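Structure record follows, encoded as structure tokens.
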Amino acid sequence: MYEDFYGLTGKPFQLSPDARFFFNSKGHNRAMAYLRYGLEQGEGFIVITGGIGTGKTMLVRNLFDELDSTRVVAAELVTTQVEPEDVLRIVCASFGLAHEDVTKATLLNQLESFLHDRYKEGKRVLLVVDEAQNLPERSIEELRMLANFQVGGQALIQSFLLGQDELKQTLQSPTMEQFRQRVIASYDLRALNEEEMKSYVLHRLRLVGWREDPKLGGDVFGKIYEFTDGVPRRVNTLCDRILLFGCLEERHEIDLSALKKVTDEIKEEGWCSSHTGQQKSVIKNKKKKSIKSPVDSELIQRIAILEAEIDALKAGLRADRKMVEVLQLKLDRDDG
């Protein structure tokens with residue numbers, strides 16, 4: 001809706017990752033460099049970790065956008081709680097191989113045949129596992145075992161793992177030593193700093209034809225950063241709401257007062273910049289009282305994600321109601 005009002009060619013702050021909007025911040029540039037390095041090496045594991053909303057899935061989208069399909073056969077696996085016996089089945093499914101009602105031996109045989117066929121064609125096989133923090137240790141070990149498929153000492157499949165901070169904890173387990181020895185590079189992706197965040201916002205706006213309408217006041221960026229802590233997904237959510245607010249209010253300039261109205265609304269809906277910090281503090285305090293299992297930690301993380309999704313739905317409903325009110329007012333004026 002606001003795209004038409006501001007003359008934009010698309011939504012600049014959509015939540016679903018789109019490689020067209022990839023922003024080459026210092027951290028994202030470094031992470032991409034490691035992924036490209038891994039591709040050049042053709043063996044071992046690359047591990048990218050980072051907090052919720054820092055842009056890990058965007059890295060995957062950008063990587064796939066860069067791949068030469070004539071040289072690399074790639075598949076993405078977005079995990080939930082995948083048990084070891086299901087890992088091979090899902091990997092086979094990702095590459096379009098038969099996976100239902102077959103034994104593990106059959107899965108391994110057909111996967112090995114697939115890898116050898118691609119090798120004969122001069123192609124590399126890449127498996128990218130997103131949300132890898134959900135994988136139990138034994139499931140990660142199953143992925144490690146796939147690296148044993150080799151021809152003349154050259155690995156036939158390579159895996160990249162991207163996940164939230166819990167993945168680091170899993171990989172530090174004493175039982176994961178063999179996997180750690182196969183990791184050729186790892187990087188921890190953090191939020192944007194304030195200068196990067198401003199460039200990130202302007203980058204996305206310009207990609208959809210923004211011509212300084214709405215105009216953004218000089219102090220607005222500092223407040224956006226203060227509210228979002230530079231986490232890209234949260235920046236997207238806030239900026240999308242700002243543009244919607246500006247459209248509904250027919251504003252062509254966003255100043256601090258307008259921004260405050262938007263952030264106040266978001267706070268009323270239960271989401272604020274300190275949410276992540278508060279969550280970490282709660283988890284930390286609980287750990288002082290008792291030892292939390294990986295399942296407990298994952299449950300807390302899942303609850304936080306669900307809460308964020310619920311907040312986003314509430315925000316959408318609120319915005320829809322406002323739009324209906326505005327349209328109703330216009331219709332009343334026209335009728336009058």
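Residues are named by chain letter and number: chains run A, B, ... in the order of the structure tokens, numbers start at 1 in each chain, and ligands are numbered from 1 in the order shown.
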
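Residues surrounding Leu63 (chain A) within 9 Å are Ala19, Met32, Leu35, Arg36, Met58, Leu59, Val60, Arg61, Asp65, Glu66 and Leu67 of chain A [only C-alpha atoms; sequence separation below 2 positions excluded].
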
| request: May I have the residues within 9 Å of Val87 (chain A) as a VMD selection string, using only C-alpha atoms and disregarding those fewer than 2 positions away in the same chain? | output: chain A and resid 82 to 85 89 to 92 139 to 140 142 to 143

| Coordinates-based distance that separates CA of Ala191 (chain A) from CA of Val231 (chain A) (Å, one decimal) |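 Interatomic distance, CA of Val231 (chain A) to CA of Ala191 (chain A): 4.8 Å.
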
| Distance in Å - CA of Pro174 (chain A) versus CA of Leu189 (chain A) | 23.9 Å

Near region 249-256 of chain A, counting only C-alpha atoms, which residues have an atom at most 6 Å away, once you skip same-chain residues fewer than 6 positions from it, shown as a CSV table (one decimal) with C-alpha atoms, in the first residue's frame?
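See part.csv below for the written result:
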chain,number,residue,atom,x,y,z
A,213,ASP,CA,10.0,10.6,-0.1
A,214,PRO,CA,9.4,10.3,2.8
A,215,LYS,CA,12.2,12.4,4.0
A,216,LEU,CA,14.0,11.0,7.1
A,217,GLY,CA,15.0,13.5,9.7
A,220,VAL,CA,15.7,9.4,13.2

| Distance CA of Thr57 (chain A)-CA of Ala33 (chain A), one decimal place? |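 Atom-to-atom, CA of Thr57 (chain A) and CA of Ala33 (chain A) are spaced 15.4 Å apart.
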
| message | Taking 6 positions as the minimum chain separation for residues in the same chain, which residues sit within 8 Å of region 195-206 of chain A when counting only C-alpha atoms? Answer as an MDAnalysis selection string. | response | chainID A and resid 12:13 21 23 25 221 225 230 232 235
